[in-house]
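**Q** Take this structure first; my questions come after.
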Amino acid sequence: MTPTLTISRLTKRFQSVEALKSVSLALEPGRRAALLGHNGAGKSTMMKIVLGLIPFDSGEVSVCGSAPGSPAARTQVAYLPENVAFHPALTGEEQLRHYLALRGENPKQATELLARVGLGHAARRRIGTYSKGMRQRVGLAQTLIGRPRLLVLDEPTSGLDPVSRRDFYDLLDGLAAEGTAILLSSHVLTEVEARTDSILILSGGELVAEGTLADLRTRAALPVAFSVRPAPGHASALAATFPEGVEGEDGLLRLRGSQSEKLPLLARIAALGSAIADLDVIPPSLEDIYSHFSRRDGQ
Ligand SMILES: Nc1ncnc2c1ncn2[C@@H]1O[C@H](COP(=O)(O)OP(=O)(O)OP(=O)(O)O)[C@@H](O)[C@H]1O
């Protein structure tokens, strides 16, 4: 499948700052990729380059086969900034009709676009009365004008409550299912874990990790934690068997082991049979994996 977005060896420098260092990636139709990174890692710089808003120093960028910022690329890519602002006195429908007219599209599509993002009921209300989540949906409706093949979303769920976040990702799922590629940045690790297909971690301008969460988990090879609850009267025996464990005030014994130690440890725990009341295996969290890949120099 031809990727919707291809970036190879992309380098961008602002005076003495190397904002992007030989970054390469590809995003295929219908894929949702999350761009993660500390403040200043280079996320916005990459998005601006993909949108054709700023030039780059070296490398190649292709948006649906065209150079970023070219007329062909601009018809295929849409952008939603973090804090989207609309005229508060206009209704959602008026605002979208305005954008449609600017793009040379039929303003009557406003009704359908607003319905698509779940705002049909509020189309004739002033945007000044909308919640932040509703304004983000107007922003998403605006990005859908012209049926773009690539959506670039800068922290699209920042400031939204959990239900609005979930609804927003549901909308993105629908768009991805139709073949739209989605590149979004976020600082909320748990939501990208559940709602995107791949994770891209930028650190100091370098793409330090790329893949599904399962790929990154394997590559990071971080320790696995076990939480073991002894059966009544067996706490001392359990602690004696695992002197390396840490006993908590909650009565649980906590153990850690590398990926290769996981199964042998499980076998040792299972061998205790009825002395064990319960067991949880806790894989490294996305936060652990993110910290592993994105640690700054000196940390
Ligand atoms: N116009 C500019 N002039 C000089 N330096 C810049 C400019 N734009 C970005 N930078 C620098 O490039 C680096 C990457 O910045 P960028 O805005 O891409 O990071 P980011 O990952 O989007 O961060 P944040 O999460 O804070 O938005 C930073 O060191 C930043 O200071």
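Residues in the structure tokens are numbered from 1 in each chain, the chains being A, B, ... in the order shown, and ligands are numbered from 1 in the order shown.
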Using 9 Å as the limit and counting only C-alpha atoms and all ligand atoms, can you tabulate each residue of chain A that touches ligand 1, with its shortest atom-to-atom distance in Å and the two atoms involved, as CSV?
**A**
residue,atom,partner,partner_atom_place_in_ligand_line,distance
A:Lys12,CA,ligand 1,12 (O),8.6
A:Arg13,CA,ligand 1,12 (O),7.5
A:Phe14,CA,ligand 1,4 (C),4.7
A:Gln15,CA,ligand 1,4 (C),6.6
A:Ser16,CA,ligand 1,5 (N),8.2
A:Val17,CA,ligand 1,29 (O),5.9
A:Glu18,CA,ligand 1,12 (O),6.8
A:Ala19,CA,ligand 1,12 (O),4.3
A:Leu20,CA,ligand 1,14 (C),7.4
A:Leu35,CA,ligand 1,21 (O),8.9
A:Leu36,CA,ligand 1,21 (O),7.9
A:Gly37,CA,ligand 1,21 (O),5.8
A:His38,CA,ligand 1,25 (O),5.7
A:Asn39,CA,ligand 1,26 (O),3.4
A:Gly40,CA,ligand 1,19 (O),3.3
A:Ala41,CA,ligand 1,21 (O),3.7
A:Gly42,CA,ligand 1,18 (O),3.2
A:Lys43,CA,ligand 1,21 (O),3.8
A:Ser44,CA,ligand 1,22 (O),3.6
A:Thr45,CA,ligand 1,18 (O),3.7
A:Met46,CA,ligand 1,18 (O),6.5
A:Met47,CA,ligand 1,18 (O),8.1
A:Lys48,CA,ligand 1,18 (O),8.4
A:Asp154,CA,ligand 1,27 (O),8.6
A:Glu155,CA,ligand 1,25 (O),9.0
A:Ser185,CA,ligand 1,25 (O),8.4
A:Ser186,CA,ligand 1,25 (O),8.4
A:His187,CA,ligand 1,25 (O),8.0
A:Leu202,CA,ligand 1,21 (O),7.5
A:Ser203,CA,ligand 1,21 (O),8.2
A:Gly204,CA,ligand 1,14 (C),7.6
A:Gly205,CA,ligand 1,14 (C),6.8
**Q** Emit the selected residues as a PDB file, in the first residue's frame, including C-alpha atoms.
**A**
ATOM      1  CA  LYS A  12      15.412  20.943  10.402  1.00  0.00           C
ATOM      2  CA  ARG A  13      17.557  23.461  12.207  1.00  0.00           C
ATOM      3  CA  PHE A  14      16.579  26.759  13.869  1.00  0.00           C
ATOM      4  CA  GLN A  15      19.835  28.677  14.303  1.00  0.00           C
ATOM      5  CA  SER A  16      21.763  26.563  16.819  1.00  0.00           C
ATOM      6  CA  VAL A  17      18.832  24.226  17.614  1.00  0.00           C
ATOM      7  CA  GLU A  18      18.562  21.004  15.638  1.00  0.00           C
ATOM      8  CA  ALA A  19      14.803  20.570  15.937  1.00  0.00           C
ATOM      9  CA  LEU A  20      14.630  17.412  13.775  1.00  0.00           C
ATOM     10  CA  LEU A  35       3.457  11.506  18.066  1.00  0.00           C
ATOM     11  CA  LEU A  36       4.816  11.666  21.611  1.00  0.00           C
ATOM     12  CA  GLY A  37       7.666  13.662  23.065  1.00  0.00           C
ATOM     13  CA  HIS A  38       8.636  16.095  25.782  1.00  0.00           C
ATOM     14  CA  ASN A  39       8.146  19.812  25.275  1.00  0.00           C
ATOM     15  CA  GLY A  40      10.598  20.908  22.614  1.00  0.00           C
ATOM     16  CA  ALA A  41      11.080  17.394  21.203  1.00  0.00           C
ATOM     17  CA  GLY A  42      10.182  18.557  17.680  1.00  0.00           C
ATOM     18  CA  LYS A  43       6.523  17.509  17.322  1.00  0.00           C
ATOM     19  CA  SER A  44       5.171  20.893  16.185  1.00  0.00           C
ATOM     20  CA  THR A  45       8.128  21.391  13.879  1.00  0.00           C
ATOM     21  CA  MET A  46       7.367  18.086  12.182  1.00  0.00           C
ATOM     22  CA  MET A  47       3.677  18.940  11.845  1.00  0.00           C
ATOM     23  CA  LYS A  48       4.434  22.381  10.414  1.00  0.00           C
ATOM     24  CA  ASP A 154      -2.097  18.843  17.494  1.00  0.00           C
ATOM     25  CA  GLU A 155      -3.126  17.632  20.957  1.00  0.00           C
ATOM     26  CA  SER A 185       0.269  14.568  19.075  1.00  0.00           C
ATOM     27  CA  SER A 186      -0.695  14.015  22.670  1.00  0.00           C
ATOM     28  CA  HIS A 187       0.673  14.106  26.176  1.00  0.00           C
ATOM     29  CA  LEU A 202      10.554  12.011  19.421  1.00  0.00           C
ATOM     30  CA  SER A 203      13.337  12.985  21.803  1.00  0.00           C
ATOM     31  CA  GLY A 204      15.612  15.948  21.178  1.00  0.00           C
ATOM     32  CA  GLY A 205      14.607  15.966  17.508  1.00  0.00           C
TER      33      GLY A 205
END
**Q** Contacts of stretch 106-122 of chain A at 6 Å or less, counting only C-alpha atoms, minus same-chain residues fewer than 5 places along, as JSON, numbers by chain?
**A** {"A": [93, 96, 97, 100, 101, 137, 141]}
**Q** Keeping C-alpha atoms for every residue in the selection just given, could you write it to a file as a PDB file, in the first residue's frame?
**A**
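Dumped to selection-v1.pdb:
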ATOM      1  CA  GLU A  93     -23.562  25.976  10.757  1.00  0.00           C
ATOM      2  CA  LEU A  96     -18.809  25.844   8.559  1.00  0.00           C
ATOM      3  CA  ARG A  97     -20.701  27.381   5.648  1.00  0.00           C
ATOM      4  CA  LEU A 100     -16.878  25.652   2.852  1.00  0.00           C
ATOM      5  CA  ALA A 101     -17.375  28.777   0.738  1.00  0.00           C
ATOM      6  CA  ARG A 137     -15.857  18.874  17.052  1.00  0.00           C
ATOM      7  CA  ALA A 141     -15.811  19.047  11.006  1.00  0.00           C
TER       8      ALA A 141
END
**Q** From the set A:His234, A:Ser294, A:Ile182, A:Pro68, which residue has the shortest atom-to-atom contact distance to A:Leu207, counting only C-alpha atoms?
**A**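 Of A:His234, A:Ser294, A:Ile182, A:Pro68, the one nearest A:Leu207, counting only C-alpha atoms, is A:Ser294.
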**Q** Quote the spacing between atom CA of A:Ile199 and atom CA of A:Leu25 in Å to one decimal place.
**A**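 Separating atom CA of A:Ile199 from atom CA of A:Leu25 is a distance of 11.1 Å.
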**Q** Which residues are near A:Leu5? Cut-off 10 Å, only C-alpha atoms, ignore same chain within fewer than 2 positions. Put them as number ranges by chain.
**A** A: 2-3, 7, 25-29, 50, 61-66, 68, 77, 149-150, 181-183
**Q** Take the selection from the previous step and output its residues with C-alpha atoms, as a PDB file, in the first residue's frame.
**A**
ATOM      1  CA  THR A   2       1.374   3.471  -0.858  1.00  0.00           C
ATOM      2  CA  PRO A   3       1.847   5.475   2.326  1.00  0.00           C
ATOM      3  CA  ILE A   7       9.204  11.294   5.671  1.00  0.00           C
ATOM      4  CA  LEU A  25       8.635   7.445   9.019  1.00  0.00           C
ATOM      5  CA  ALA A  26       5.714   6.316   6.905  1.00  0.00           C
ATOM      6  CA  LEU A  27       1.995   6.479   7.602  1.00  0.00           C
ATOM      7  CA  GLU A  28      -0.326   4.295   5.562  1.00  0.00           C
ATOM      8  CA  PRO A  29      -3.979   4.981   4.735  1.00  0.00           C
ATOM      9  CA  VAL A  50       4.113  18.213   6.844  1.00  0.00           C
ATOM     10  CA  VAL A  61       8.637  14.647   2.706  1.00  0.00           C
ATOM     11  CA  SER A  62       5.768  13.376   0.569  1.00  0.00           C
ATOM     12  CA  VAL A  63       2.082  13.976   1.314  1.00  0.00           C
ATOM     13  CA  CYS A  64       0.015  11.693  -0.935  1.00  0.00           C
ATOM     14  CA  GLY A  65       2.879  11.760  -3.422  1.00  0.00           C
ATOM     15  CA  SER A  66       3.221  15.566  -3.462  1.00  0.00           C
ATOM     16  CA  PRO A  68       4.202  19.505   1.427  1.00  0.00           C
ATOM     17  CA  VAL A  77      -4.155  17.316   4.253  1.00  0.00           C
ATOM     18  CA  ARG A 149      -6.588  11.796   3.208  1.00  0.00           C
ATOM     19  CA  LEU A 150      -4.315  12.969   6.022  1.00  0.00           C
ATOM     20  CA  ALA A 181      -4.437   8.540   7.866  1.00  0.00           C
ATOM     21  CA  ILE A 182      -4.191  10.376  11.192  1.00  0.00           C
ATOM     22  CA  LEU A 183      -1.093  11.858  12.802  1.00  0.00           C
TER      23      LEU A 183
END
**Q** Fewer than 4 positions away in the same chain doesn't count, so skip those; otherwise give me all residues within 12 Å of A:Phe86, counting only C-alpha atoms, as a JSON list (two decimals) with N, CA and C atoms, in the first residue's frame.
**A**
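New file part-v1.json:
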[["chain", "number", "residue", "atom", "x", "y", "z"],
["A", 81, "PRO", "N", -5.52, 22.63, 15.09],
["A", 81, "PRO", "CA", -4.60, 23.08, 16.14],
["A", 81, "PRO", "C", -5.14, 22.75, 17.53],
["A", 90, "LEU", "N", -21.07, 33.42, 15.69],
["A", 90, "LEU", "CA", -21.62, 32.61, 14.59],
["A", 90, "LEU", "C", -22.15, 31.29, 15.13],
["A", 91, "THR", "N", -23.13, 30.75, 14.44],
["A", 91, "THR", "CA", -23.57, 29.39, 14.79],
["A", 91, "THR", "C", -22.59, 28.41, 14.16],
["A", 92, "GLY", "N", -22.63, 27.16, 14.64],
["A", 92, "GLY", "CA", -21.75, 26.15, 14.06],
["A", 92, "GLY", "C", -21.97, 26.05, 12.55],
["A", 93, "GLU", "N", -23.24, 26.12, 12.18],
["A", 93, "GLU", "CA", -23.56, 25.98, 10.76],
["A", 93, "GLU", "C", -23.02, 27.16, 9.95],
["A", 94, "GLU", "N", -23.18, 28.38, 10.50],
["A", 94, "GLU", "CA", -22.68, 29.56, 9.77],
["A", 94, "GLU", "C", -21.17, 29.49, 9.61],
["A", 95, "GLN", "N", -20.49, 29.06, 10.70],
["A", 95, "GLN", "CA", -19.04, 29.00, 10.65],
["A", 95, "GLN", "C", -18.57, 28.01, 9.57],
["A", 96, "LEU", "N", -19.22, 26.85, 9.55],
["A", 96, "LEU", "CA", -18.81, 25.84, 8.56],
["A", 96, "LEU", "C", -19.17, 26.26, 7.14],
["A", 98, "HIS", "N", -19.14, 29.18, 6.07],
["A", 98, "HIS", "CA", -18.11, 30.16, 5.71],
["A", 98, "HIS", "C", -16.85, 29.44, 5.21],
["A", 99, "TYR", "N", -16.40, 28.42, 5.98],
["A", 99, "TYR", "CA", -15.18, 27.70, 5.58],
["A", 99, "TYR", "C", -15.40, 26.95, 4.26],
["A", 126, "ARG", "N", -25.20, 29.45, 18.72],
["A", 126, "ARG", "CA", -23.96, 30.23, 18.60],
["A", 126, "ARG", "C", -22.80, 29.44, 19.20],
["A", 127, "ILE", "N", -21.64, 29.51, 18.55],
["A", 127, "ILE", "CA", -20.47, 28.77, 19.03],
["A", 127, "ILE", "C", -20.05, 29.25, 20.41],
["A", 128, "GLY", "N", -20.36, 30.51, 20.72],
["A", 128, "GLY", "CA", -20.06, 31.05, 22.05],
["A", 128, "GLY", "C", -20.72, 30.25, 23.16],
["A", 129, "THR", "N", -21.77, 29.50, 22.82],
["A", 129, "THR", "CA", -22.46, 28.70, 23.86],
["A", 129, "THR", "C", -21.96, 27.26, 23.87],
["A", 130, "TYR", "N", -21.01, 26.91, 23.00],
["A", 130, "TYR", "CA", -20.54, 25.52, 22.91],
["A", 130, "TYR", "C", -19.54, 25.23, 24.03],
["A", 132, "LYS", "N", -16.01, 23.19, 25.29],
["A", 132, "LYS", "CA", -14.73, 23.00, 24.60],
["A", 132, "LYS", "C", -14.77, 21.78, 23.68],
["A", 134, "MET", "N", -17.35, 20.56, 22.21],
["A", 134, "MET", "CA", -18.14, 20.86, 21.01],
["A", 134, "MET", "C", -17.33, 21.70, 20.03],
["A", 135, "ARG", "N", -16.52, 22.62, 20.56],
["A", 135, "ARG", "CA", -15.69, 23.45, 19.66],
["A", 135, "ARG", "C", -14.66, 22.58, 18.94],
["A", 136, "GLN", "N", -14.11, 21.59, 19.67],
["A", 136, "GLN", "CA", -13.17, 20.69, 19.01],
["A", 136, "GLN", "C", -13.85, 19.92, 17.89],
["A", 137, "ARG", "N", -15.12, 19.59, 18.10],
["A", 137, "ARG", "CA", -15.86, 18.87, 17.05],
["A", 137, "ARG", "C", -16.09, 19.77, 15.84],
["A", 138, "VAL", "N", -16.35, 21.07, 16.09],
["A", 138, "VAL", "CA", -16.47, 21.99, 14.94],
["A", 138, "VAL", "C", -15.15, 22.00, 14.19],
["A", 139, "GLY", "N", -14.04, 21.99, 14.98],
["A", 139, "GLY", "CA", -12.71, 21.97, 14.35],
["A", 139, "GLY", "C", -12.53, 20.71, 13.52],
["A", 142, "GLN", "N", -14.45, 20.95, 10.39],
["A", 142, "GLN", "CA", -13.75, 21.82, 9.44],
["A", 142, "GLN", "C", -12.63, 21.06, 8.72]]
**Q** From a backbone DSSP assignment, name each residue in stretch 25-93 of chain A labelled alpha helix (DSSP H), as a ChimeraX atom specification.
**A** /A:43-51,71-74,92-93
**Q** How about saving the chosen residues, N, CA and C atoms kept, as a PDB file, in the first residue's frame?
**A**
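The result, written out as out-v9.pdb:
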ATOM      1  N   LYS A  43       7.822  17.945  17.863  1.00  0.00           N
ATOM      2  CA  LYS A  43       6.523  17.509  17.322  1.00  0.00           C
ATOM      3  C   LYS A  43       5.893  18.588  16.426  1.00  0.00           C
ATOM      4  N   SER A  44       5.810  19.819  16.965  1.00  0.00           N
ATOM      5  CA  SER A  44       5.171  20.893  16.185  1.00  0.00           C
ATOM      6  C   SER A  44       5.962  21.188  14.931  1.00  0.00           C
ATOM      7  N   THR A  45       7.292  21.125  15.048  1.00  0.00           N
ATOM      8  CA  THR A  45       8.128  21.391  13.879  1.00  0.00           C
ATOM      9  C   THR A  45       7.810  20.375  12.783  1.00  0.00           C
ATOM     10  N   MET A  46       7.679  19.110  13.179  1.00  0.00           N
ATOM     11  CA  MET A  46       7.367  18.086  12.182  1.00  0.00           C
ATOM     12  C   MET A  46       5.993  18.350  11.554  1.00  0.00           C
ATOM     13  N   MET A  47       5.018  18.684  12.382  1.00  0.00           N
ATOM     14  CA  MET A  47       3.677  18.940  11.845  1.00  0.00           C
ATOM     15  C   MET A  47       3.688  20.131  10.896  1.00  0.00           C
ATOM     16  N   LYS A  48       4.400  21.185  11.281  1.00  0.00           N
ATOM     17  CA  LYS A  48       4.434  22.381  10.414  1.00  0.00           C
ATOM     18  C   LYS A  48       5.068  22.049   9.068  1.00  0.00           C
ATOM     19  N   ILE A  49       6.082  21.191   9.087  1.00  0.00           N
ATOM     20  CA  ILE A  49       6.731  20.808   7.824  1.00  0.00           C
ATOM     21  C   ILE A  49       5.777  19.988   6.967  1.00  0.00           C
ATOM     22  N   VAL A  50       5.062  19.050   7.597  1.00  0.00           N
ATOM     23  CA  VAL A  50       4.113  18.213   6.844  1.00  0.00           C
ATOM     24  C   VAL A  50       3.019  19.088   6.211  1.00  0.00           C
ATOM     25  N   LEU A  51       2.630  20.140   6.948  1.00  0.00           N
ATOM     26  CA  LEU A  51       1.586  21.035   6.438  1.00  0.00           C
ATOM     27  C   LEU A  51       2.130  22.013   5.402  1.00  0.00           C
ATOM     28  N   PRO A  71      -0.052  22.792  -3.997  1.00  0.00           N
ATOM     29  CA  PRO A  71      -1.519  22.778  -4.122  1.00  0.00           C
ATOM     30  C   PRO A  71      -2.083  21.363  -4.022  1.00  0.00           C
ATOM     31  N   ALA A  72      -1.396  20.372  -4.625  1.00  0.00           N
ATOM     32  CA  ALA A  72      -1.913  18.992  -4.579  1.00  0.00           C
ATOM     33  C   ALA A  72      -1.928  18.472  -3.151  1.00  0.00           C
ATOM     34  N   ALA A  73      -0.841  18.741  -2.393  1.00  0.00           N
ATOM     35  CA  ALA A  73      -0.776  18.249  -1.013  1.00  0.00           C
ATOM     36  C   ALA A  73      -1.813  18.958  -0.146  1.00  0.00           C
ATOM     37  N   ARG A  74      -1.993  20.247  -0.392  1.00  0.00           N
ATOM     38  CA  ARG A  74      -2.906  21.015   0.468  1.00  0.00           C
ATOM     39  C   ARG A  74      -4.347  20.555   0.349  1.00  0.00           C
ATOM     40  N   GLY A  92     -22.626  27.161  14.637  1.00  0.00           N
ATOM     41  CA  GLY A  92     -21.748  26.149  14.057  1.00  0.00           C
ATOM     42  C   GLY A  92     -21.965  26.048  12.553  1.00  0.00           C
ATOM     43  N   GLU A  93     -23.241  26.121  12.178  1.00  0.00           N
ATOM     44  CA  GLU A  93     -23.562  25.976  10.757  1.00  0.00           C
ATOM     45  C   GLU A  93     -23.016  27.156   9.947  1.00  0.00           C
TER      46      GLU A  93
END
**Q** At a cut-off of 10 Å, using only C-alpha atoms, what residues contact stretch 269-281 of chain A? Leave out same-chain residues fewer than 4 positions from it and give the result as a PyMOL selection string.
**A** chain A and resi 224-235+237-238+241-242+252-256+262-265
**Q** Out of stretch 7-248 of chain A, which residues get strand (DSSP E or B) from DSSP, as a PyMOL selection string?
**A** chain A and resi 7-14+17-27+32-36+58-63+66+77-80+91+126+150-154+181-185+198-203+206-211+224-230+246-247
**Q** Could those selected residues go to a file with C-alpha atoms, as a PDB file, in the first residue's frame?
**A**
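The resulting part_15.pdb:
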ATOM      1  CA  ILE A   7       9.204  11.294   5.671  1.00  0.00           C
ATOM      2  CA  SER A   8      12.806  10.317   5.063  1.00  0.00           C
ATOM      3  CA  ARG A   9      15.926  11.645   6.722  1.00  0.00           C
ATOM      4  CA  LEU A  10      14.159  14.895   7.575  1.00  0.00           C
ATOM      5  CA  THR A  11      16.393  17.481   9.206  1.00  0.00           C
ATOM      6  CA  LYS A  12      15.412  20.943  10.402  1.00  0.00           C
ATOM      7  CA  ARG A  13      17.557  23.461  12.207  1.00  0.00           C
ATOM      8  CA  PHE A  14      16.579  26.759  13.869  1.00  0.00           C
ATOM      9  CA  VAL A  17      18.832  24.226  17.614  1.00  0.00           C
ATOM     10  CA  GLU A  18      18.562  21.004  15.638  1.00  0.00           C
ATOM     11  CA  ALA A  19      14.803  20.570  15.937  1.00  0.00           C
ATOM     12  CA  LEU A  20      14.630  17.412  13.775  1.00  0.00           C
ATOM     13  CA  LYS A  21      17.543  15.061  13.168  1.00  0.00           C
ATOM     14  CA  SER A  22      17.243  12.712  10.212  1.00  0.00           C
ATOM     15  CA  VAL A  23      13.684  11.597  11.026  1.00  0.00           C
ATOM     16  CA  SER A  24      12.137   8.901   8.818  1.00  0.00           C
ATOM     17  CA  LEU A  25       8.635   7.445   9.019  1.00  0.00           C
ATOM     18  CA  ALA A  26       5.714   6.316   6.905  1.00  0.00           C
ATOM     19  CA  LEU A  27       1.995   6.479   7.602  1.00  0.00           C
ATOM     20  CA  ARG A  32      -3.600   6.341  13.384  1.00  0.00           C
ATOM     21  CA  ALA A  33      -0.160   7.333  14.657  1.00  0.00           C
ATOM     22  CA  ALA A  34       0.524   9.136  17.922  1.00  0.00           C
ATOM     23  CA  LEU A  35       3.457  11.506  18.066  1.00  0.00           C
ATOM     24  CA  LEU A  36       4.816  11.666  21.611  1.00  0.00           C
ATOM     25  CA  SER A  58      17.328  18.269   4.123  1.00  0.00           C
ATOM     26  CA  GLY A  59      15.522  14.982   3.597  1.00  0.00           C
ATOM     27  CA  GLU A  60      12.282  14.234   1.790  1.00  0.00           C
ATOM     28  CA  VAL A  61       8.637  14.647   2.706  1.00  0.00           C
ATOM     29  CA  SER A  62       5.768  13.376   0.569  1.00  0.00           C
ATOM     30  CA  VAL A  63       2.082  13.976   1.314  1.00  0.00           C
ATOM     31  CA  SER A  66       3.221  15.566  -3.462  1.00  0.00           C
ATOM     32  CA  VAL A  77      -4.155  17.316   4.253  1.00  0.00           C
ATOM     33  CA  ALA A  78      -6.104  19.035   7.032  1.00  0.00           C
ATOM     34  CA  TYR A  79      -4.935  20.407  10.362  1.00  0.00           C
ATOM     35  CA  LEU A  80      -6.579  20.866  13.741  1.00  0.00           C
ATOM     36  CA  THR A  91     -23.571  29.390  14.795  1.00  0.00           C
ATOM     37  CA  ARG A 126     -23.958  30.227  18.597  1.00  0.00           C
ATOM     38  CA  LEU A 150      -4.315  12.969   6.022  1.00  0.00           C
ATOM     39  CA  LEU A 151      -5.385  14.606   9.281  1.00  0.00           C
ATOM     40  CA  VAL A 152      -2.747  16.334  11.401  1.00  0.00           C
ATOM     41  CA  LEU A 153      -4.098  16.926  14.890  1.00  0.00           C
ATOM     42  CA  ASP A 154      -2.097  18.843  17.494  1.00  0.00           C
ATOM     43  CA  ALA A 181      -4.437   8.540   7.866  1.00  0.00           C
ATOM     44  CA  ILE A 182      -4.191  10.376  11.192  1.00  0.00           C
ATOM     45  CA  LEU A 183      -1.093  11.858  12.802  1.00  0.00           C
ATOM     46  CA  LEU A 184      -1.827  13.278  16.231  1.00  0.00           C
ATOM     47  CA  SER A 185       0.269  14.568  19.075  1.00  0.00           C
ATOM     48  CA  SER A 198       1.375   3.048  16.307  1.00  0.00           C
ATOM     49  CA  ILE A 199       3.425   5.266  18.546  1.00  0.00           C
ATOM     50  CA  LEU A 200       6.243   7.570  17.437  1.00  0.00           C
ATOM     51  CA  ILE A 201       8.480   8.926  20.185  1.00  0.00           C
ATOM     52  CA  LEU A 202      10.554  12.011  19.421  1.00  0.00           C
ATOM     53  CA  SER A 203      13.337  12.985  21.803  1.00  0.00           C
ATOM     54  CA  GLU A 206      15.317  12.260  16.975  1.00  0.00           C
ATOM     55  CA  LEU A 207      12.740   9.574  16.343  1.00  0.00           C
ATOM     56  CA  VAL A 208      13.883   7.255  19.105  1.00  0.00           C
ATOM     57  CA  ALA A 209      11.073   4.696  18.907  1.00  0.00           C
ATOM     58  CA  GLU A 210       8.393   3.704  16.449  1.00  0.00           C
ATOM     59  CA  GLY A 211       5.946   0.824  16.489  1.00  0.00           C
ATOM     60  CA  VAL A 224       7.710  -7.214  34.711  1.00  0.00           C
ATOM     61  CA  ALA A 225       6.211  -6.899  38.170  1.00  0.00           C
ATOM     62  CA  PHE A 226       4.373  -9.637  40.048  1.00  0.00           C
ATOM     63  CA  SER A 227       2.020  -9.027  42.890  1.00  0.00           C
ATOM     64  CA  VAL A 228       1.453 -12.204  44.918  1.00  0.00           C
ATOM     65  CA  ARG A 229      -1.157 -12.676  47.629  1.00  0.00           C
ATOM     66  CA  PRO A 230      -0.337 -15.577  49.980  1.00  0.00           C
ATOM     67  CA  VAL A 246       9.195  -6.794  48.942  1.00  0.00           C
ATOM     68  CA  GLU A 247       6.371  -7.354  51.411  1.00  0.00           C
TER      69      GLU A 247
END
**Q** Could you give me, as a list in words, the residues within 12 Å of A:Arg166, counting only C-alpha atoms and dropping anything in the same chain fewer than 3 positions from it?
**A**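 The contact residues come out as Gly133, Pro156, Thr157, Leu160, Asp161, Pro162, Val163, Tyr169, Asp170, Leu171, Leu172, Asp173, Thr190, Glu191, Val192, Ala194 and Arg195 of chain A.
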